[in-house]
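K.L.:
Before we start, here is the structure in question, set down as structure tokens.
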Amino acid sequence: MTTQRRPLIAGNWKMNAGNAEGRELANAVATGAARAKGADLVIAPPFTLLAKVSSDVRGSNVEVAGQNMHQAASGAFTGEISAEMLKDAGCSWVILGHSERRQYFGETDELVGAKTRAAFAAGLRPIVCVGETLAEREAGATLEVVLRQLDAVVADLAAHPSVGAVAYEPVWAIGTGKVASPEQAQEVHAAIRAHLAKTSKELADVTRLLYGGSVKPSNATELLGCADIDGALIGGASLSSEDFLEIAARAR
Ligand code: PGA
């Protein structure tokens, strides 16, 4: 018997949106959220807007995520933000191991594992990102890379089934307009789920696997229709409330 996994649609604003623009966007998402009743909605504004946006969306079914966090609870880590600080600012989720963090900030699998443990320990729900580069795909190493990244967090995910989520984001599809085909995405999602099942059948059944990489209203129906795709992590298109909600409305 397969579990019904409620779709999860998350918007990663990245380093975009100042105060006025961000709050307008958050308010528009919260106001329009009724359109997407079939999905859980999460938005991840930059750190500077978390507290304001959290209060703007309070009372709606939109939750707020950090885009990153430090693995330590507190201390001398200039420029960093802890899990408790994210919670304090109104976050219930945090995106971890995004490929931009791995690529530009040197985040390793081990570090992403440590951050994931810290998030769970603080009661934050991690969305852990995995994905291969174009060179890795062309070398036939897609599953090897993705499952290795997953191995760094699988024990922690298994210790808190149904709390976290995993986002498969092929690096070559992020911000490039080159979306993975539904077949390519489904193949990796199925492999991720099968891999989770080796640790725990329950974990595999309940974990929501999001696809990310150039998701738009025009390709969302097909992607979200795949058996093992339970939602989306959306970058560029999440900066438009209209597009974000339109994608979410296609999730069933
Ligand atoms: P994109 O970004 O939708 O702009 O491709 C996705 C992501 O990086 O999460």
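Residues in the structure tokens are named by chain (A, B, ... in the order shown) and by number from 1 within that chain; ligands are numbered from 1 in the order shown.
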How would you write, as a PyMOL selection string, the set of residues no farther than 9 Å from ligand 1 when counting only C-alpha atoms and all ligand atoms?

P.N.:
chain A and resi 10-14+98-100+129+167+169+171-179+211-216+232-238

K.L.:
Output N, CA, C and O atoms for every residue in that selection, as a compact mmCIF listing (two decimals), in the first residue's frame.

P.N.:
# COMPACT_ATOMS: atom_id res chain seq x y z
N ALA A 10 7.85 24.51 -2.31
CA ALA A 10 8.70 25.46 -1.60
C ALA A 10 9.32 26.45 -2.57
O ALA A 10 9.76 26.07 -3.66
N GLY A 11 9.36 27.71 -2.15
CA GLY A 11 9.95 28.76 -2.98
C GLY A 11 11.24 29.25 -2.35
O GLY A 11 11.24 29.69 -1.20
N ASN A 12 12.32 29.14 -3.09
CA ASN A 12 13.64 29.59 -2.63
C ASN A 12 13.94 30.93 -3.30
O ASN A 12 14.25 30.98 -4.48
N TRP A 13 13.80 31.98 -2.52
CA TRP A 13 14.00 33.32 -3.09
C TRP A 13 15.47 33.63 -3.35
O TRP A 13 15.79 34.61 -4.00
N LYS A 14 16.35 32.85 -2.77
CA LYS A 14 17.80 33.09 -2.89
C LYS A 14 18.12 34.52 -2.41
O LYS A 14 17.46 35.03 -1.52
N HIS A 98 21.90 23.14 -0.48
CA HIS A 98 21.58 23.59 -1.84
C HIS A 98 22.85 23.57 -2.68
O HIS A 98 23.94 23.84 -2.17
N SER A 99 22.74 23.28 -3.94
CA SER A 99 23.94 23.14 -4.78
C SER A 99 24.76 24.43 -4.81
O SER A 99 25.97 24.39 -4.98
N GLU A 100 24.09 25.57 -4.65
CA GLU A 100 24.86 26.83 -4.61
C GLU A 100 25.70 26.90 -3.34
O GLU A 100 26.80 27.47 -3.35
N CYS A 129 18.95 19.17 -0.06
CA CYS A 129 19.08 19.17 -1.52
C CYS A 129 20.21 18.26 -1.97
O CYS A 129 21.30 18.27 -1.38
N ALA A 167 15.12 17.27 -1.68
CA ALA A 167 14.90 17.89 -2.99
C ALA A 167 15.97 17.41 -3.96
O ALA A 167 17.16 17.54 -3.67
N GLU A 169 17.71 18.23 -7.17
CA GLU A 169 17.90 19.37 -8.06
C GLU A 169 19.14 19.15 -8.91
O GLU A 169 20.26 19.41 -8.46
N VAL A 171 22.02 20.05 -10.96
CA VAL A 171 22.67 21.36 -10.97
C VAL A 171 22.53 22.02 -12.34
O VAL A 171 22.35 23.23 -12.45
N TRP A 172 22.56 21.21 -13.38
CA TRP A 172 22.49 21.74 -14.75
C TRP A 172 21.10 22.29 -15.09
O TRP A 172 20.92 22.95 -16.12
N ALA A 173 20.13 22.04 -14.23
CA ALA A 173 18.77 22.53 -14.50
C ALA A 173 18.42 23.74 -13.65
O ALA A 173 17.34 24.31 -13.78
N ILE A 174 19.33 24.14 -12.74
CA ILE A 174 19.01 25.23 -11.82
C ILE A 174 19.30 26.58 -12.46
O ILE A 174 20.43 26.87 -12.83
N GLY A 175 18.25 27.36 -12.61
CA GLY A 175 18.41 28.72 -13.14
C GLY A 175 18.83 28.77 -14.59
O GLY A 175 19.24 29.81 -15.10
N THR A 176 18.77 27.64 -15.28
CA THR A 176 19.26 27.58 -16.66
C THR A 176 18.12 27.53 -17.67
O THR A 176 18.35 27.68 -18.86
N GLY A 177 16.90 27.27 -17.18
CA GLY A 177 15.79 27.08 -18.10
C GLY A 177 15.78 25.67 -18.67
O GLY A 177 14.87 25.28 -19.39
N LYS A 178 16.83 24.88 -18.36
CA LYS A 178 16.90 23.49 -18.86
C LYS A 178 16.31 22.58 -17.80
O LYS A 178 16.97 22.18 -16.86
N VAL A 179 15.06 22.24 -17.98
CA VAL A 179 14.41 21.40 -16.98
C VAL A 179 14.70 19.93 -17.28
O VAL A 179 14.87 19.56 -18.44
N TYR A 211 11.17 17.93 -6.65
CA TYR A 211 12.05 18.19 -7.80
C TYR A 211 12.32 19.68 -7.86
O TYR A 211 11.42 20.50 -7.61
N GLY A 212 13.54 20.04 -8.18
CA GLY A 212 13.88 21.45 -8.37
C GLY A 212 14.79 21.63 -9.57
O GLY A 212 15.64 20.78 -9.85
N GLY A 213 14.63 22.74 -10.25
CA GLY A 213 15.44 23.05 -11.43
C GLY A 213 14.53 23.53 -12.54
O GLY A 213 13.92 22.74 -13.24
N SER A 214 14.41 24.88 -12.62
CA SER A 214 13.62 25.50 -13.69
C SER A 214 12.16 25.05 -13.72
O SER A 214 11.57 24.90 -14.80
N VAL A 215 11.58 24.82 -12.55
CA VAL A 215 10.14 24.51 -12.51
C VAL A 215 9.35 25.79 -12.80
O VAL A 215 9.64 26.85 -12.24
N LYS A 216 8.38 25.65 -13.69
CA LYS A 216 7.53 26.78 -14.09
C LYS A 216 6.09 26.27 -14.22
O LYS A 216 5.89 25.05 -14.28
N ALA A 232 7.80 20.49 -5.28
CA ALA A 232 8.81 21.20 -6.05
C ALA A 232 9.54 22.20 -5.16
O ALA A 232 8.97 22.74 -4.21
N LEU A 233 10.81 22.40 -5.48
CA LEU A 233 11.59 23.49 -4.90
C LEU A 233 11.85 24.46 -6.04
O LEU A 233 12.49 24.11 -7.02
N ILE A 234 11.33 25.65 -5.88
CA ILE A 234 11.26 26.58 -6.99
C ILE A 234 12.10 27.81 -6.71
O ILE A 234 11.92 28.46 -5.67
N GLY A 235 12.99 28.14 -7.62
CA GLY A 235 13.82 29.33 -7.47
C GLY A 235 13.18 30.50 -8.19
O GLY A 235 12.27 31.16 -7.67
N GLY A 236 13.63 30.75 -9.39
CA GLY A 236 13.20 31.91 -10.17
C GLY A 236 11.70 32.16 -10.16
O GLY A 236 11.24 33.28 -9.90
N ALA A 237 10.93 31.11 -10.43
CA ALA A 237 9.47 31.29 -10.55
C ALA A 237 8.81 31.61 -9.21
O ALA A 237 7.66 32.07 -9.18
N SER A 238 9.53 31.40 -8.10
CA SER A 238 8.91 31.70 -6.80
C SER A 238 8.95 33.20 -6.49
O SER A 238 8.36 33.66 -5.52

K.L.:
Could you list, as an NGL selection string, every residue within 8 Å of A:Glu80, counting only C-alpha atoms and ignoring same-chain residues fewer than 3 positions away?

P.N.:
:A and (69-70 or 77)

K.L.:
Just list as an MDAnalysis selection string whatever in stretch 206-246 of chain A DSSP marks as strand (DSSP E or B).

P.N.:
chainID A and resid 208:212 231:234

K.L.:
Would you mind listing what lies within 12 Å of stretch 198-207 of chain A as a VMD selection string, with only C-alpha atoms counted and same-chain residues fewer than 2 positions away left out?

P.N.:
chain A and resid 1 to 8 125 to 128 147 150 to 151 153 to 167 189 to 196 209 to 210 227 to 231

K.L.:
With only C-alpha atoms as the basis for distance, which of A:Ile81, A:Ala197, A:Leu239, A:Gly97 is at the shortest distance from A:Arg23?

P.N.:
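Going through A:Ile81, A:Ala197, A:Leu239, A:Gly97 one by one, the smallest distance to A:Arg23 is for A:Leu239.
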
K.L.:
Just give me the gap between atom CA of A:Ala44 and atom CA of A:Ile95 in Å, one decimal is fine.

P.N.:
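That distance, rounded to one decimal, is 7.9 Å.
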
K.L.:
Please indicate the distance in Å from atom CA of A:Ser181 to atom CA of A:Ala36, rounded to one decimal place.

P.N.:
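We find that atom CA of A:Ser181 and atom CA of A:Ala36 lie 23.9 Å from each other.
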
K.L.:
Determine, counting only C-alpha atoms, which protein, DNA and RNA residues have an atom within 10 Å of an atom of A:Glu183; residues of the same chain fewer than 5 positions away are not included. Present the result as a ChimeraX atom specification.

P.N.:
/A:188-189,222-223,226
